[in-house]
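Structure, as structure tokens:
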2 protein chains.
Amino acid sequence: MSFKKRRVKLEDIARKLNISIATVSRALDKNPRVKRSTQEKVFITAKEMGYMPNQIAKSLSSGKTHIIGVLIPRYDEPFFIEVCRGIDQYARNHNYKILISSSRNSYEFEKENLISFERGLVDGIILSPTHETENVAHLKDLIGKGMPMVLFDNIREEVSGADHVMIDDEKASFQAVEFLIQKGKRKIAFIGGIKQKKVFQDRFKGYIAALDRHNIIYDERLVLHCNSLDREFEDKEILSFFKNLKINPDAVFTCTDNYGLLTMKTLLKTGKKIPQEVAVIGFGDLGLGEVFVPTLTCVSQPSFEMGQKAAELLIKQLNEPEDSIHKKTIVKLNTQLIEREST
Amino acid sequence: MSFKKRRVKLEDIARKLNISIATVSRALDKNPRVKRSTQEKVFITAKEMGYMPNQIAKSLSSGKTHIIGVLIPRYDEPFFIEVCRGIDQYARNHNYKILISSSRNSYEFEKENLISFERGLVDGIILSPTHETENVAHLKDLIGKGMPMVLFDNIREEVSGADHVMIDDEKASFQAVEFLIQKGKRKIAFIGGIKQKKVFQDRFKGYIAALDRHNIIYDERLVLHCNSLDREFEDKEILSFFKNLKINPDAVFTCTDNYGLLTMKTLLKTGKKIPQEVAVIGFGDLGLGEVFVPTLTCVSQPSFEMGQKAAELLIKQLNEPEDSIHKKTIVKLNTQLIEREST
DNA sequence: TACAATAATACAAACGTTTGTATTATTTTT
DNA sequence: AAAAATAATACAAACGTTTGTATTATTGTA
């Protein structure tokens with residue numbers, strides 16, 4: 001039943017119409033070099049015969065695949081999916097497809113994936129480095145070979161030749177913490193993520209800066225840097241942090257929405273009233289916060305827009321003439337504090 | 001700075017070593033036809049010169065891209081992402097990449113995407129039909145042209161020539177509802193999704209069947225089929241359903257975890273005790289249910305495994321000799337009821 | 001040492017396009 | 001009506017591999 005039918009190719013159309021392959025090719029491109037009437041004949045015959053251009057052959061010939069490689073640290077993080085949606089939307093509208101790979105939080109896998117991208121399947125790369133990625137030599141190397149690249153999210157170090165899309169994590173967290181302070185909170189706990197991640201470092205800096213600015217003494221005991229890469233363990237880490245906490249915080253600033261929810265959950269279990277006794281702020285804003293009771297106030301990160309912007313910058317690079325000198329752009333998108341019931 | 005450097009190709013290696021391209025190609029393949037010492041020379045030189053095989057050329061020559069096309073109705077549905085993760089894992093381990101596209105819940109976009117897949121970029125397709133997809137002619141057509149295909153999730157109609165991966169939605173929902181009945185519940189509400197989706201139809205059937213079996217009279221007023229395709233509106237639909245509900249249900253069976261959470265949220269707001277006054281069961285089990293207070297009992301759908309299985313079946317098809325008759329397989333994976341605090 | 005058998009390599013076509021240049025057909029000009 | 005200009009098309013190389021067949025080099029055998 002399923003004999004793979006030989007695909008119709010330009011040659012078949014050419015033979016049928018008794019013209020050359022080149023003319024068929026140009027006719028389908030509506031190239032004015034071919035007579036109007038010939039173009040029409042070709043179109044009709046192509047349709048009749050069910051012609052489908054061979055993308056691979058086109059790519060080999062043109063040197064362009066019209067595929068954007070996207071490399072994210074993990075799939076099961078709504079933030080990355082949202083960014084991918086943004087990339088996809090922009091890319092689709094500009095006739096590109098996206099090929100997503102996950103580096104599974106591993107520097108080795110990141111390199112491995114890049115090597116596979118280097119085999120010519122993608123025209124350019126959008127990448128969020130893993131927390132393990134301390135050295136960006138592999139990125140610079142690839143860029144040096146002429147691979148267009150845009151980085152987003154967890155950028156530890158500027159990579160010359162690549163565009164960057166980010167938010168001002170420090171400022172966003174500063175604002176969130178200051179907001180709590182203005183609400184009269186003084187004992188503000190901080191729940192961060194793995195210390196190696198630049199974004200978490202910056203959010204921590206913002207926390208410290210806000211305390212500083214308002215002359216609140218930093219209390220180490222109120223701080224937790226979650227080490228878990230796995231949802232399952234985050235749960236336990238946060239639970240045990242609050243269980244062992246000797247001080248009663250009157251607010252908690254958390255670096256992800258999920259931390260925020262887990263925090264609220266833990267606090268509610270110990271009978272705390274939110275927000276009267278403890279206020280909570282999360283970070284991200286991907287729908288999770290609205291489901292919970294009480295709803296979670298959080299820093300809204302423009303994930304979708306980050307994706308769109310990244311795609312825009314990459315495609316701009318792809319359209320630059322090859323010998324032009326690429327001027328690196330750094331885009332910082334704005335965050336927004338969304339007030340909900342938890343504060 | 002970013003002059004695109006000409007890539008090293010087989011020809012360059014061949015010239016340098018004064019041997020033929022064919023020999024270089026075979027040497028890199030470790031083909032025993034080439035002398036051991038030559039192989040070694042080639043490997044060393046290839047490495048020295050920084051050779052990277054051109055995937056596109058390989059694909060054109062071999063007719064295989066080693067890319068699997070994945071078409072899902074939407075990205076912002078954790079279920080589909082989880083399936084994609086499963087596909088990706090299996091595919092990666094078998095040296096395939098995946099190219100994900102979204103049909104954005106539209107039959108037209110589904111067809112459009114398939115056409116673009118037909119251009120030879122993918123070796124096979126894994127697809128979940130949209131709710132709009134009433135007619136599967138486009139699928140049959142593509143299969144008829146020799147495109148290997150595996151369907152999952154929302155399969156309205158068997159498509160000959162494609163493998164199918166699904167769960168027994170009717171049975172799963174039957175069991176969930178029966179579980180509620182056995183807990184002494186009698187006024188069980190049903191919150192479903194868009195009626196056009198096969199999975200929701202089946203879950204509704206299971207609900208009815210369970211009521212029937214236990215001689216509970218079906219009450220239409222207790223049933224809501226959500227029509228929203230957007231998260232934002234689901235919220236309002238469910239809220240207004242319960243607001244206008246004249247009867248007090250003692251349990252609610254919902255067709256997705258999100259519906260389950262929204263239901264709990266709504267009920268809690270009206271002062272109901274969960275599970276004492278109303279029990280709630282969701283469907284899916286993708287982490288959401290565990291965050292909420294109380295945690296949500298739900299039908300656990302093996303999403304990741306569905307993806308793995310789909311990939312396995314597709315890759316099996318890809319490895320079949322082209323002229324062999326493909327025997328269609330239908331895989332039904334098991335669901336499991338996960339008891340949590342909401343029942 | 002000649003001859004076959006086998007090992008190692010080279011040649012060339014193929015995959016399905018695109019595109020620069022050469023050729024042929026048509027129209028315009030004189 | 002012939003030459004020139006232009007329009008339409010054909011030819012062939014290129015993109016970077018793979019792979020069947022032909023060729024050459026190296027063994028082993030008598």
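Residues are referred to by chain and number: the chain letter is A, B, ... according to the order shown in the structure tokens, the number counts from 1 in that chain, and ligands are numbered separately from 1 in the order shown.
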
Selection near A:Pro275, 10 Å with only C-alpha atoms (C1' of nucleotides), sequence-local residues under 6 positions removed, as a PyMOL selection string: chain A and resi 250-251+264+294+296+340-343

Those residues you just picked out, can you put them in a file as a compact mmCIF listing (two decimals), in the first residue's frame with N, CA, C and O atoms?
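File produced: selection.txt:
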```
# COMPACT_ATOMS: atom_id res chain seq x y z
N ASP A 250 7.59 39.24 57.48
CA ASP A 250 6.29 39.84 57.20
C ASP A 250 6.06 39.98 55.70
O ASP A 250 5.05 40.50 55.24
N ALA A 251 7.05 39.53 54.93
CA ALA A 251 6.89 39.50 53.48
C ALA A 251 7.93 38.56 52.90
O ALA A 251 8.97 38.30 53.51
N MET A 264 3.50 30.51 49.45
CA MET A 264 2.15 30.78 49.95
C MET A 264 1.54 29.50 50.53
O MET A 264 0.92 29.52 51.58
N PRO A 294 -4.76 33.02 47.80
CA PRO A 294 -4.99 34.26 47.07
C PRO A 294 -4.15 34.34 45.81
O PRO A 294 -3.15 33.63 45.69
N LEU A 296 -1.45 35.73 43.22
CA LEU A 296 -0.09 36.13 43.55
C LEU A 296 0.35 37.41 42.85
O LEU A 296 0.35 37.49 41.62
N ARG A 340 -1.70 41.83 43.01
CA ARG A 340 -2.86 40.95 43.20
C ARG A 340 -3.13 40.79 44.69
O ARG A 340 -2.72 41.63 45.49
N GLU A 341 -3.77 39.71 45.05
CA GLU A 341 -4.24 39.60 46.44
C GLU A 341 -3.14 39.33 47.47
O GLU A 341 -3.33 39.57 48.65
N SER A 342 -2.02 38.84 47.03
CA SER A 342 -1.02 38.41 48.01
C SER A 342 -0.21 39.55 48.63
O SER A 342 0.69 39.30 49.41
N THR A 343 -0.52 40.77 48.26
CA THR A 343 0.16 41.90 48.91
C THR A 343 -0.85 42.95 49.36
O THR A 343 -1.74 43.31 48.62
```

Can you build me a table of chain D residues sitting at most 7 Å from chain A, with the closest atom pair per residue and its distance in Å to one decimal, using only C-alpha atoms (C1' of nucleotides), sorted by chain and residue number, as a tab-separated table?
```
residue	atom	partner	partner_atom	distance
D:DA8	C1'	A:Val34	CA	6.3
D:DT9	C1'	A:Thr23	CA	6.9
D:DA10	C1'	A:Ser20	CA	6.2
D:DC15	C1'	A:Ser61	CA	4.6
```

Expected answer as a count of residues only: chain C residues within 10 Å of chain A, only C-alpha atoms (C1' of nucleotides): 5

Point-to-point distance from atom CA of B:Arg74 to atom CA of B:Gly289, Å rounded to tenths: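 Rounded to one decimal, the two atoms are 20.8 Å apart.
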
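Note that DSSP on the backbone gives strand (DSSP E) to these residues of stretch 269-324 of chain A: A:Ala279, A:Val280, A:Ile281, A:Gly282, A:Phe283, A:Gly284, A:Thr297, A:Cys298, A:Val299, A:Ser300.
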
Can you write out the residues you just picked, keeping all heavy atoms, as a PDB file, in the first residue's frame?
```
ATOM      1  N   ALA A 279       3.131  39.135  53.247  1.00  0.00           N
ATOM      2  CA  ALA A 279       2.850  39.422  51.839  1.00  0.00           C
ATOM      3  C   ALA A 279       3.824  38.600  50.993  1.00  0.00           C
ATOM      4  O   ALA A 279       4.925  38.274  51.426  1.00  0.00           O
ATOM      5  CB  ALA A 279       3.037  40.902  51.558  1.00  0.00           C
ATOM      6  N   VAL A 280       3.396  38.251  49.785  1.00  0.00           N
ATOM      7  CA  VAL A 280       4.268  37.457  48.915  1.00  0.00           C
ATOM      8  C   VAL A 280       4.280  38.048  47.513  1.00  0.00           C
ATOM      9  O   VAL A 280       3.237  38.456  46.989  1.00  0.00           O
ATOM     10  CB  VAL A 280       3.808  35.981  48.848  1.00  0.00           C
ATOM     11  CG1 VAL A 280       4.733  35.165  47.964  1.00  0.00           C
ATOM     12  CG2 VAL A 280       3.728  35.361  50.237  1.00  0.00           C
ATOM     13  N   ILE A 281       5.468  38.112  46.945  1.00  0.00           N
ATOM     14  CA  ILE A 281       5.586  38.546  45.550  1.00  0.00           C
ATOM     15  C   ILE A 281       6.357  37.492  44.765  1.00  0.00           C
ATOM     16  O   ILE A 281       7.360  36.967  45.246  1.00  0.00           O
ATOM     17  CB  ILE A 281       6.326  39.892  45.438  1.00  0.00           C
ATOM     18  CG1 ILE A 281       5.500  41.008  46.092  1.00  0.00           C
ATOM     19  CG2 ILE A 281       6.602  40.249  43.981  1.00  0.00           C
ATOM     20  CD1 ILE A 281       6.046  42.395  45.821  1.00  0.00           C
ATOM     21  N   GLY A 282       5.886  37.198  43.588  1.00  0.00           N
ATOM     22  CA  GLY A 282       6.574  36.221  42.729  1.00  0.00           C
ATOM     23  C   GLY A 282       7.238  36.925  41.557  1.00  0.00           C
ATOM     24  O   GLY A 282       7.310  38.146  41.480  1.00  0.00           O
ATOM     25  N   PHE A 283       7.693  36.118  40.621  1.00  0.00           N
ATOM     26  CA  PHE A 283       8.407  36.692  39.478  1.00  0.00           C
ATOM     27  C   PHE A 283       8.110  35.833  38.250  1.00  0.00           C
ATOM     28  O   PHE A 283       8.326  34.620  38.267  1.00  0.00           O
ATOM     29  CB  PHE A 283       9.916  36.655  39.774  1.00  0.00           C
ATOM     30  CG  PHE A 283      10.708  37.686  39.009  1.00  0.00           C
ATOM     31  CD1 PHE A 283      11.368  38.722  39.665  1.00  0.00           C
ATOM     32  CD2 PHE A 283      10.811  37.619  37.618  1.00  0.00           C
ATOM     33  CE1 PHE A 283      12.121  39.665  38.976  1.00  0.00           C
ATOM     34  CE2 PHE A 283      11.549  38.557  36.916  1.00  0.00           C
ATOM     35  CZ  PHE A 283      12.205  39.582  37.605  1.00  0.00           C
ATOM     36  N   GLY A 284       7.607  36.445  37.230  1.00  0.00           N
ATOM     37  CA  GLY A 284       7.358  35.705  35.999  1.00  0.00           C
ATOM     38  C   GLY A 284       6.057  36.082  35.345  1.00  0.00           C
ATOM     39  O   GLY A 284       6.018  36.683  34.299  1.00  0.00           O
ATOM     40  N   THR A 297       0.714  38.383  43.656  1.00  0.00           N
ATOM     41  CA  THR A 297       1.326  39.594  43.100  1.00  0.00           C
ATOM     42  C   THR A 297       2.678  39.202  42.523  1.00  0.00           C
ATOM     43  O   THR A 297       3.385  38.391  43.106  1.00  0.00           O
ATOM     44  CB  THR A 297       1.545  40.629  44.215  1.00  0.00           C
ATOM     45  OG1 THR A 297       0.295  41.086  44.677  1.00  0.00           O
ATOM     46  CG2 THR A 297       2.377  41.802  43.699  1.00  0.00           C
ATOM     47  N   CYS A 298       3.017  39.745  41.364  1.00  0.00           N
ATOM     48  CA  CYS A 298       4.329  39.370  40.856  1.00  0.00           C
ATOM     49  C   CYS A 298       4.905  40.358  39.852  1.00  0.00           C
ATOM     50  O   CYS A 298       4.216  41.231  39.336  1.00  0.00           O
ATOM     51  CB  CYS A 298       4.283  37.993  40.228  1.00  0.00           C
ATOM     52  SG  CYS A 298       3.226  37.910  38.813  1.00  0.00           S
ATOM     53  N   VAL A 299       6.187  40.205  39.654  1.00  0.00           N
ATOM     54  CA  VAL A 299       6.868  40.960  38.619  1.00  0.00           C
ATOM     55  C   VAL A 299       6.537  40.290  37.304  1.00  0.00           C
ATOM     56  O   VAL A 299       6.777  39.099  37.123  1.00  0.00           O
ATOM     57  CB  VAL A 299       8.385  40.934  38.822  1.00  0.00           C
ATOM     58  CG1 VAL A 299       9.084  41.628  37.668  1.00  0.00           C
ATOM     59  CG2 VAL A 299       8.768  41.566  40.145  1.00  0.00           C
ATOM     60  N   SER A 300       5.959  41.037  36.406  1.00  0.00           N
ATOM     61  CA  SER A 300       5.588  40.456  35.122  1.00  0.00           C
ATOM     62  C   SER A 300       6.723  40.626  34.124  1.00  0.00           C
ATOM     63  O   SER A 300       7.150  41.740  33.832  1.00  0.00           O
ATOM     64  CB  SER A 300       4.325  41.148  34.614  1.00  0.00           C
ATOM     65  OG  SER A 300       4.071  40.736  33.301  1.00  0.00           O
TER      66      SER A 300
END
```

Between atom CA of A:Ile188 and atom CA of A:Leu222 - distance in Å to one decimal: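 So the two atoms, atom CA of A:Leu222 and atom CA of A:Ile188, lie 7.1 Å apart.
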
Within 9 Å of B:Ile238 using only C-alpha atoms (C1' of nucleotides), minus same-chain residues under 5 positions, as a count of residues only: 9

Residues of stretch 184-257 of chain A in helix (DSSP H, G or I), written as a count of residues only: 34

Counting only C-alpha atoms, the residue of A:Ile208, A:Leu261, A:Leu268, A:Ile115 that sits nearest B:Glu290: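 Checking each of A:Ile208, A:Leu261, A:Leu268, A:Ile115 against B:Glu290, counting only C-alpha atoms, the winner is A:Leu261.
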
Atom pair atom CA of A:Asn227 / atom CA of B:Gln301: separation (Å):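 Taking atom CA of A:Asn227 and atom CA of B:Gln301, their separation equals 28.9 Å.
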
Long-range neighbours of D:DA22 as a PyMOL selection string, 12 Å cut-off, only C-alpha atoms (C1' of nucleotides), 2 positions minimum in chain: (chain C and resi 9-12) or (chain D and resi 20+24)

Output of the above residues as an mmCIF file, in the first residue's frame, restricted to N, CA and C atoms (P, O5', C5', C4', C3', O3' and C1' of nucleotides):
```cif
data_model
loop_
_atom_site.group_PDB
_atom_site.id
_atom_site.type_symbol
_atom_site.label_atom_id
_atom_site.label_comp_id
_atom_site.auth_asym_id
_atom_site.auth_seq_id
_atom_site.Cartn_x
_atom_site.Cartn_y
_atom_site.Cartn_z
ATOM 1 P P DT C 9 43.536 3.474 0.304
ATOM 2 O "O5'" DT C 9 42.960 4.058 -1.051
ATOM 3 C "C5'" DT C 9 43.853 4.254 -2.149
ATOM 4 C "C4'" DT C 9 43.062 4.438 -3.407
ATOM 5 C "C3'" DT C 9 42.238 5.705 -3.500
ATOM 6 O "O3'" DT C 9 42.971 6.649 -4.259
ATOM 7 C "C1'" DT C 9 41.199 3.853 -4.561
ATOM 8 P P DA C 10 42.386 8.100 -4.502
ATOM 9 O "O5'" DA C 10 41.676 7.924 -5.915
ATOM 10 C "C5'" DA C 10 42.429 7.456 -7.017
ATOM 11 C "C4'" DA C 10 41.537 7.395 -8.247
ATOM 12 C "C3'" DA C 10 40.796 8.707 -8.533
ATOM 13 O "O3'" DA C 10 40.939 8.980 -9.925
ATOM 14 C "C1'" DA C 10 39.250 6.907 -8.344
ATOM 15 P P DC C 11 40.377 10.304 -10.535
ATOM 16 O "O5'" DC C 11 39.030 9.826 -11.260
ATOM 17 C "C5'" DC C 11 39.058 8.673 -12.067
ATOM 18 C "C4'" DC C 11 37.661 8.351 -12.564
ATOM 19 C "C3'" DC C 11 36.823 9.571 -12.963
ATOM 20 O "O3'" DC C 11 36.263 9.276 -14.228
ATOM 21 C "C1'" DC C 11 35.611 8.213 -11.454
ATOM 22 P P DA C 12 35.525 10.411 -15.076
ATOM 23 O "O5'" DA C 12 34.001 10.185 -14.670
ATOM 24 C "C5'" DA C 12 33.473 8.856 -14.720
ATOM 25 C "C4'" DA C 12 32.029 8.878 -14.263
ATOM 26 C "C3'" DA C 12 31.273 10.168 -14.588
ATOM 27 O "O3'" DA C 12 29.941 9.800 -14.842
ATOM 28 C "C1'" DA C 12 31.194 9.826 -12.293
ATOM 29 P P DG D 20 25.495 1.294 -3.807
ATOM 30 O "O5'" DG D 20 25.549 0.790 -5.331
ATOM 31 C "C5'" DG D 20 24.720 1.410 -6.306
ATOM 32 C "C4'" DG D 20 25.437 1.452 -7.640
ATOM 33 C "C3'" DG D 20 26.139 0.151 -8.037
ATOM 34 O "O3'" DG D 20 25.962 -0.066 -9.451
ATOM 35 C "C1'" DG D 20 27.730 1.896 -7.920
ATOM 36 P P DT D 24 43.766 2.568 -15.039
ATOM 37 O "O5'" DT D 24 44.613 2.349 -13.705
ATOM 38 C "C5'" DT D 24 44.633 3.357 -12.705
ATOM 39 C "C4'" DT D 24 45.051 2.729 -11.410
ATOM 40 C "C3'" DT D 24 46.417 2.042 -11.437
ATOM 41 O "O3'" DT D 24 47.237 2.676 -10.474
ATOM 42 C "C1'" DT D 24 44.820 0.718 -10.328
#
```

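With only C-alpha atoms as the atoms that count, the residue of B:Lys328, B:Lys64, B:Arg119, B:Arg92 with the shortest distance to chain A is B:Arg119.
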